[in-house]
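J.: Next comes entry20.tsv, TSV, C-alpha atoms and all ligand atoms:
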chain	number	residue	atom	x	y	z
A	3	MET	CA	180.27	154.09	92.00
A	4	LYS	CA	182.12	150.98	90.92
A	5	ASP	CA	185.48	150.02	92.47
A	6	ILE	CA	188.38	150.60	90.10
A	7	LEU	CA	189.92	147.29	89.06
A	8	THR	CA	193.65	147.45	88.36
A	9	ILE	CA	194.77	144.87	85.81
A	10	ALA	CA	198.41	144.00	85.08
A	11	MET	CA	198.80	143.12	81.42
A	12	PRO	CA	201.89	141.43	79.98
A	13	LYS	CA	203.55	143.40	77.21
A	14	GLY	CA	204.68	141.39	74.22
A	15	ARG	CA	203.49	138.04	72.89
A	16	ILE	CA	200.39	137.68	75.11
A	17	PHE	CA	199.24	141.31	75.01
A	18	GLU	CA	197.32	141.25	71.73
A	19	ASP	CA	195.54	137.98	72.58
A	20	ALA	CA	194.56	139.35	75.99
A	21	VAL	CA	193.21	142.63	74.55
A	22	GLU	CA	191.23	140.72	71.95
A	23	LEU	CA	189.76	138.44	74.61
A	24	LEU	CA	188.67	141.38	76.78
A	25	ARG	CA	187.03	142.98	73.75
A	26	GLN	CA	185.27	139.72	72.91
A	27	ALA	CA	183.93	139.77	76.47
A	28	GLY	CA	182.35	143.14	75.62
A	29	PHE	CA	184.75	145.46	77.43
A	30	ARG	CA	185.29	148.68	75.50
A	31	LEU	CA	189.04	149.21	75.32
A	32	PRO	CA	190.14	152.39	73.50
A	33	PRO	CA	192.32	152.34	70.35
A	34	GLU	CA	195.24	153.41	72.59
A	35	PHE	CA	195.61	149.72	73.37
A	36	ASP	CA	196.66	148.93	69.86
A	37	ASP	CA	199.50	151.42	69.54
A	38	SER	CA	200.75	153.16	72.62
A	39	ARG	CA	203.88	153.42	74.72
A	40	LYS	CA	201.92	154.32	77.82
A	41	LEU	CA	202.54	152.10	80.83
A	42	ILE	CA	199.32	153.01	82.63
A	43	ILE	CA	196.08	153.21	80.68
A	44	ASP	CA	192.91	154.27	82.47
A	45	VAL	CA	189.56	153.21	81.03
A	46	PRO	CA	187.07	155.17	83.17
A	47	GLU	CA	184.02	153.94	81.23
A	48	GLU	CA	184.80	150.39	82.43
A	49	SER	CA	186.32	151.47	85.77
A	50	PHE	CA	189.56	149.74	84.79
A	51	ARG	CA	193.15	150.81	85.21
A	52	PHE	CA	195.65	148.80	83.15
A	53	ILE	CA	199.32	148.47	84.04
A	54	LEU	CA	201.52	147.30	81.16
A	55	ALA	CA	204.28	145.18	82.65
A	56	LYS	CA	207.03	142.78	81.62
A	57	PRO	CA	205.39	139.32	81.52
A	58	MET	CA	207.73	137.92	84.21
A	59	ASP	CA	206.75	140.76	86.58
A	60	VAL	CA	202.96	140.42	86.36
A	61	PRO	CA	202.62	138.01	89.35
A	62	THR	CA	204.86	140.32	91.42
A	63	TYR	CA	202.52	143.30	90.90
A	64	VAL	CA	199.54	141.12	91.76
A	65	GLU	CA	201.16	139.55	94.85
A	66	HIS	CA	202.02	143.02	96.20
A	67	GLY	CA	198.46	144.20	95.57
A	68	VAL	CA	199.35	147.11	93.28
A	69	ALA	CA	197.33	145.23	90.68
A	70	ASP	CA	194.15	143.40	91.68
A	71	ILE	CA	194.21	141.13	88.68
A	72	GLY	CA	196.82	140.02	86.17
A	73	ILE	CA	197.20	138.01	83.02
A	74	ALA	CA	200.23	135.75	83.21
A	75	GLY	CA	201.57	132.78	81.29
A	76	LYS	CA	201.68	129.49	83.17
A	77	ASP	CA	205.45	129.51	82.48
A	78	VAL	CA	205.78	132.67	84.55
A	79	MET	CA	203.54	131.25	87.30
A	80	LEU	CA	205.68	128.11	87.55
A	81	GLU	CA	208.90	130.11	87.61
A	82	GLU	CA	207.83	132.84	90.05
A	83	GLU	CA	205.70	130.84	92.55
A	84	ARG	CA	203.97	133.99	93.83
A	85	VAL	CA	201.18	133.99	96.40
A	86	VAL	CA	198.23	134.72	94.11
A	87	TYR	CA	195.09	132.84	93.15
A	88	GLU	CA	194.79	131.43	89.65
A	89	LEU	CA	191.16	131.99	88.68
A	90	LEU	CA	190.82	130.99	85.07
A	91	ASP	CA	192.70	129.32	82.26
A	92	LEU	CA	192.21	131.86	79.47
A	93	LYS	CA	193.51	129.35	76.92
A	94	ILE	CA	195.25	132.08	74.94
A	95	SER	CA	198.85	132.26	73.70
A	96	ALA	CA	199.29	128.50	73.83
A	97	CYS	CA	202.86	127.24	73.68
A	98	TYR	CA	205.05	124.85	75.67
A	99	LEU	CA	208.32	124.66	77.52
A	100	ALA	CA	210.88	122.32	76.03
A	101	VAL	CA	214.46	121.18	76.27
A	102	ALA	CA	216.27	121.86	72.99
A	103	GLY	CA	219.78	121.91	71.60
A	104	LEU	CA	221.93	121.24	68.56
A	105	PRO	CA	220.98	118.00	66.74
A	106	ASN	CA	222.80	114.74	67.48
A	107	THR	CA	224.58	116.08	70.54
A	108	LYS	CA	224.75	114.41	73.93
A	109	MET	CA	224.76	116.43	77.12
A	110	ASN	CA	228.31	117.00	78.27
A	111	LEU	CA	228.77	114.47	81.10
A	112	ILE	CA	230.83	116.77	83.30
A	113	ALA	CA	228.75	119.72	84.46
A	114	PRO	CA	226.37	119.94	81.49
A	115	LYS	CA	225.14	123.47	81.04
A	116	VAL	CA	221.53	124.51	80.47
A	117	ALA	CA	220.71	128.08	79.47
A	118	THR	CA	217.25	129.41	80.25
A	119	LYS	CA	215.04	132.31	81.26
A	120	TYR	CA	213.38	129.83	83.68
A	121	PRO	CA	216.08	128.74	86.17
A	122	ASN	CA	213.64	127.40	88.79
A	123	VAL	CA	211.55	125.38	86.33
A	124	ALA	CA	214.66	124.03	84.59
A	125	ALA	CA	216.37	123.10	87.87
A	126	ALA	CA	213.24	121.29	89.10
A	127	TYR	CA	212.86	119.44	85.81
A	128	PHE	CA	216.44	118.12	85.68
A	129	ARG	CA	216.32	117.26	89.41
A	130	GLU	CA	213.23	115.12	88.71
A	131	GLN	CA	215.10	113.45	85.86
A	132	GLY	CA	217.99	112.73	88.23
A	133	GLU	CA	220.37	114.76	86.10
A	134	GLN	CA	222.83	117.22	87.60
A	135	VAL	CA	223.20	120.33	85.49
A	136	GLU	CA	224.57	123.82	85.75
A	137	ILE	CA	221.88	126.38	85.03
A	138	ILE	CA	222.87	129.55	83.21
A	139	LYS	CA	220.27	132.29	83.50
A	140	LEU	CA	219.73	134.44	80.40
A	141	ASN	CA	217.09	137.07	79.77
A	142	GLY	CA	216.26	136.41	76.14
A	143	SER	CA	217.50	135.06	72.79
A	144	ILE	CA	218.11	131.78	74.64
A	145	GLU	CA	218.60	129.94	71.33
A	146	LEU	CA	221.99	131.67	70.97
A	147	ALA	CA	223.49	129.72	73.87
A	148	PRO	CA	224.08	126.32	72.18
A	149	LEU	CA	225.07	128.00	68.91
A	150	ILE	CA	228.00	129.80	70.47
A	151	GLY	CA	229.03	127.13	72.95
A	152	LEU	CA	227.61	128.67	76.11
A	153	ALA	CA	225.35	125.70	76.88
A	154	ASP	CA	224.65	122.07	75.87
A	155	ARG	CA	220.91	122.54	76.10
A	156	ILE	CA	218.31	125.25	76.54
A	157	VAL	CA	214.96	125.24	78.32
A	158	ASP	CA	212.69	127.68	76.52
A	159	ILE	CA	209.26	128.45	75.15
A	160	VAL	CA	208.32	126.90	71.82
A	161	SER	CA	205.35	128.43	70.08
A	162	THR	CA	205.46	127.95	66.30
A	163	GLY	CA	208.85	126.22	66.43
A	164	ARG	CA	210.26	128.75	63.96
A	165	THR	CA	213.03	130.09	66.19
A	166	LEU	CA	214.40	126.58	66.82
A	167	LYS	CA	214.17	125.65	63.15
A	168	GLU	CA	215.73	128.80	61.76
A	169	ASN	CA	218.65	128.41	64.16
A	170	GLY	CA	219.23	124.74	63.39
A	171	LEU	CA	218.14	123.50	66.81
A	172	VAL	CA	215.98	120.49	67.70
A	173	GLU	CA	213.60	119.73	70.51
A	174	TYR	CA	214.69	116.93	72.88
A	175	GLU	CA	211.93	116.85	75.50
A	176	ARG	CA	208.64	118.60	76.02
A	177	ILE	CA	208.32	119.74	79.64
A	178	VAL	CA	204.89	121.32	80.07
A	179	ASP	CA	202.08	122.91	78.04
A	180	ILE	CA	201.53	126.61	78.67
A	181	THR	CA	198.54	128.93	78.35
A	182	SER	CA	197.77	132.28	79.96
A	183	ARG	CA	195.94	132.52	83.26
A	184	LEU	CA	193.84	135.12	85.02
A	185	ILE	CA	195.38	135.66	88.44
A	186	VAL	CA	194.17	137.67	91.42
A	187	ASN	CA	195.51	139.13	94.62
A	188	PRO	CA	193.89	137.24	97.55
A	189	ALA	CA	192.86	140.45	99.43
A	190	SER	CA	191.41	142.02	96.25
A	191	PHE	CA	189.50	138.81	95.67
A	192	ARG	CA	187.70	139.35	98.98
A	193	MET	CA	187.31	143.12	98.77
A	194	LYS	CA	186.34	143.47	95.10
A	195	ASP	CA	184.56	140.15	94.73
A	196	GLU	CA	181.61	141.55	92.78
A	197	ARG	CA	183.76	143.17	90.10
A	198	ILE	CA	186.11	140.22	89.88
A	199	SER	CA	183.27	137.71	89.64
A	200	GLU	CA	181.70	139.73	86.83
A	201	LEU	CA	185.00	139.78	84.91
A	202	VAL	CA	185.49	136.04	85.42
A	203	GLU	CA	181.92	135.27	84.34
A	204	ARG	CA	182.20	137.33	81.16
A	205	LEU	CA	185.54	135.82	80.21
A	206	SER	CA	184.31	132.29	81.02
A	207	GLU	CA	181.30	132.86	78.79
A	208	VAL	CA	183.55	133.80	75.84
A	209	LYS	CA	185.64	130.70	76.48
A	210	ARG	CA	182.51	128.55	76.70
A	211	LEU	CA	181.20	129.83	73.36
A	212	GLN	CA	184.63	129.41	71.74
A	213	SER	CA	184.79	125.79	72.91
A	214	PHE	CA	181.53	125.10	71.02
A	215	GLU	CA	182.96	126.73	67.88
A	216	THR	CA	185.93	124.36	67.91
A	217	LEU	CA	183.78	121.23	68.29
A	301	LIG	C1	210.07	133.38	72.73
A	301	LIG	C2	210.89	132.16	73.12
A	301	LIG	C3	211.49	131.72	71.82
A	301	LIG	C4	210.43	132.11	70.82
A	301	LIG	C5	209.63	130.89	70.42
A	301	LIG	O1	210.92	134.45	72.68
A	301	LIG	O2	211.85	132.50	74.11
A	301	LIG	O3	212.69	132.40	71.57
A	301	LIG	O4	209.57	133.06	71.44
A	301	LIG	O5	208.65	131.21	69.47
A	301	LIG	P1	208.50	130.36	68.13
A	301	LIG	O6	208.49	128.90	68.51
A	301	LIG	O7	207.19	130.81	67.56
A	301	LIG	O8	209.66	130.70	67.24
A	301	LIG	P2	210.40	135.93	72.75
A	301	LIG	O9	209.90	136.36	71.42
A	301	LIG	O10	209.45	136.07	73.88
A	301	LIG	O11	211.72	136.74	73.01
A	301	LIG	P3	212.98	136.48	73.94
A	301	LIG	O12	214.06	136.00	73.02
A	301	LIG	O13	213.26	137.82	74.52
A	301	LIG	O14	212.66	135.44	74.99
What is this structure when it is put down as C-alpha cells?
Ligand code: PRP

T.:
Amino acid sequence: MKDILTIAMPKGRIFEDAVELLRQAGFRLPPEFDDSRKLIIDVPEESFRFILAKPMDVPTYVEHGVADIGIAGKDVMLEEERVVYELLDLKISACYLAVAGLPNTKMNLIAPKVATKYPNVAAAYFREQGEQVEIIKLNGSIELAPLIGLADRIVDIVSTGRTLKENGLVEYERIVDITSRLIVNPASFRMKDERISELVERLSEVKRLQSFETL
C-alpha cells in the first residue's frame, strides 16, 4: 500500500492553476475540486489527501508536518520564512510584488506609512533602501489605504495591473517576481521520499514539455 501524501493547497488565486497542473501531470482529481466548500478532500485512487488552506497559512501546515507537501506563492515564502524545503518552481500564477501609490505623490518625509499584507517583506525592502517607514499591516484590499489617507504607499501583489489601474494608483518600484513553489516538510521528505520524488518528477516533466511549447 502506498503512503498517503497530504498536500496543502492554497484557496483562491493559485488554486485553479495548481489543480490544472496536477491534472496535466496525470493525477485524477475528482470534479469536487472545481466546486466544493470542503476543506479536506481525500482522493484514495491517488493516495492523496488535500487540505484547502488560506495561501498565507500553507507553509505553516507544512512546517508543522500536518501536510507533507504544499503549494505556496514565493510571496508567502518570503513573508513567512518557515522551515520547509522548496522543491520546485511550478511557474504558475506569475505576478510580482511592487510599491504603489497615488500618482505624483512623494512619500511623506515624517514617518511615511506603508500599508501591506507583507510586513516582513516590506520592512526588509525599505531597510535595504535606507528608508525609514511605518508599516501598517492589512489583510486585504490594500489598494484602499492610499485612497482614504491611511498610507502614502502600499506594497502588494500586481498580477494583471487591473486593481491598481481601476483605483487610480501607479506602480513606483517593482520588488520581486513571484511564482508558486512546491514545498515539503523536511521529515516527510525523508520518510516519503519515493512518493514525493514521483510527484516532483511528474510535475517537472509537465514543466519541461511546457517550456518547449513556449519556445
Ligand atoms: C490581489 C492583490 C491585488 C490584486 C492584484 O488581491 O492583493 O489586490 O490581487 O491583481 P491584479 O493586478 O490582477 O488586479 P486578492 O485578489 O488576492 O485579494 P485581497 O484584496 O484579499 O488581497

J.: Give me, please, the distance in Å between atom CA of A:Glu18 and atom CA of A:Leu184, quoted to one decimal.

T.: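 Interatomic distance here is 15.0 Å.
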
J.: Enumerate, in order of chain and increasing residue number, the residues of chain A with an atom no farther than 9 Å from ligand LIG 301 (chain A), each with its shortest atom pair and distance in Å to one decimal, counting all atoms listed in the file, as a tab-separated table.

T.:
residue	atom	partner	partner_atom	distance
A:Gly14	CA	A:LIG301	O10	7.2
A:Arg15	CA	A:LIG301	O10	6.4
A:Cys97	CA	A:LIG301	O6	7.8
A:Tyr98	CA	A:LIG301	O6	8.9
A:Thr118	CA	A:LIG301	O2	8.7
A:Lys119	CA	A:LIG301	O14	7.4
A:Leu140	CA	A:LIG301	O14	9.0
A:Asn141	CA	A:LIG301	O13	6.5
A:Gly142	CA	A:LIG301	O13	3.7
A:Ser143	CA	A:LIG301	O12	3.6
A:Ile144	CA	A:LIG301	O12	6.1
A:Glu145	CA	A:LIG301	O3	6.4
A:Val157	CA	A:LIG301	O2	9.0
A:Asp158	CA	A:LIG301	O2	5.5
A:Ile159	CA	A:LIG301	C2	4.5
A:Val160	CA	A:LIG301	O6	3.9
A:Ser161	CA	A:LIG301	O6	3.5
A:Thr162	CA	A:LIG301	O7	3.6
A:Gly163	CA	A:LIG301	O6	3.4
A:Arg164	CA	A:LIG301	O8	3.9
A:Thr165	CA	A:LIG301	O8	3.6
A:Leu166	CA	A:LIG301	O8	6.3
A:Lys167	CA	A:LIG301	O8	7.9
A:Glu168	CA	A:LIG301	O8	8.4

J.: Would you work out the distance separating atom CA of A:Arg84 from atom CA of A:Gly72, expressed in Å to one decimal?

T.: 12.1 Å

J.: I'd like the contact shell of A:Leu23 - 12 Å cut-off, only C-alpha atoms, skipping same-chain residues fewer than 5 positions apart - returned as a ChimeraX atom specification.

T.: /A:16-18,28-31,73,92-95,182,184,201-202,204-209,212

J.: So, counting all atoms listed in the file, which residue among A:Phe35, A:Phe128, A:Phe191, A:Phe214 is closest to A:Ile177?

T.: A:Phe128

J.: So which one's closest to A:Ala102, A:Val45, A:Leu7, A:Ile71, A:Ala153? Using all atoms listed in the file, please.

T.: A:Ala153

J.: Please report the interatomic distance between atom CA of A:Lys56 and atom CA of A:Ala10 in Å with one decimal.

T.: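 Separation between atom CA of A:Lys56 and atom CA of A:Ala10: 9.4 Å.
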
J.: Need to verify the contact set: A:Glu175, 9 Å, all atoms listed in the file, exclusion of same-chain residues closer than 5 positions in sequence. Can you return it as a PyMOL selection string?

T.: chain A and resi 99-102

J.: Show which residues sit within 9 Å of A:Tyr120, as a PDB file with C-alpha atoms, in the frame of the given file. Count all atoms listed in the file, and ignore same-chain residues fewer than 2 positions away.

T.:
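Listed below is the output, out-v8.pdb:
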ATOM      1  CA  ASP A  77     205.450 129.510  82.480  1.00  0.00           C
ATOM      2  CA  VAL A  78     205.780 132.670  84.550  1.00  0.00           C
ATOM      3  CA  LEU A  80     205.680 128.110  87.550  1.00  0.00           C
ATOM      4  CA  GLU A  81     208.900 130.110  87.610  1.00  0.00           C
ATOM      5  CA  GLU A  82     207.830 132.840  90.050  1.00  0.00           C
ATOM      6  CA  ALA A 117     220.710 128.080  79.470  1.00  0.00           C
ATOM      7  CA  THR A 118     217.250 129.410  80.250  1.00  0.00           C
ATOM      8  CA  ASN A 122     213.640 127.400  88.790  1.00  0.00           C
ATOM      9  CA  VAL A 123     211.550 125.380  86.330  1.00  0.00           C
ATOM     10  CA  ALA A 124     214.660 124.030  84.590  1.00  0.00           C
ATOM     11  CA  ALA A 125     216.370 123.100  87.870  1.00  0.00           C
ATOM     12  CA  LYS A 139     220.270 132.290  83.500  1.00  0.00           C
ATOM     13  CA  LEU A 140     219.730 134.440  80.400  1.00  0.00           C
ATOM     14  CA  VAL A 157     214.960 125.240  78.320  1.00  0.00           C
ATOM     15  CA  ASP A 158     212.690 127.680  76.520  1.00  0.00           C
TER      16      ASP A 158
END

J.: Could I get the residues of stretch 101-205 of chain A with an atom no further than 12 Å from an atom of stretch 48-54 of chain A, each paired with its nearest atom pair and that distance in Å to one decimal, using all atoms listed in the file, sorted by chain and residue number, as a Markdown table?

T.:
| residue | atom | partner | partner_atom | distance |
| --- | --- | --- | --- | --- |
| A:Arg197 | CA | A:Ser49 | CA | 9.7 |
| A:Ile198 | CA | A:Phe50 | CA | 11.3 |
| A:Glu200 | CA | A:Glu48 | CA | 11.9 |
| A:Leu201 | CA | A:Glu48 | CA | 10.9 |

J.: Could you write out the selected residues, including C-alpha atoms, as a CSV table (one decimal), keeping the file's coordinate frame?

T.:
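Written file, again02.csv:
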chain,number,residue,atom,x,y,z
A,197,ARG,CA,183.8,143.2,90.1
A,198,ILE,CA,186.1,140.2,89.9
A,200,GLU,CA,181.7,139.7,86.8
A,201,LEU,CA,185.0,139.8,84.9
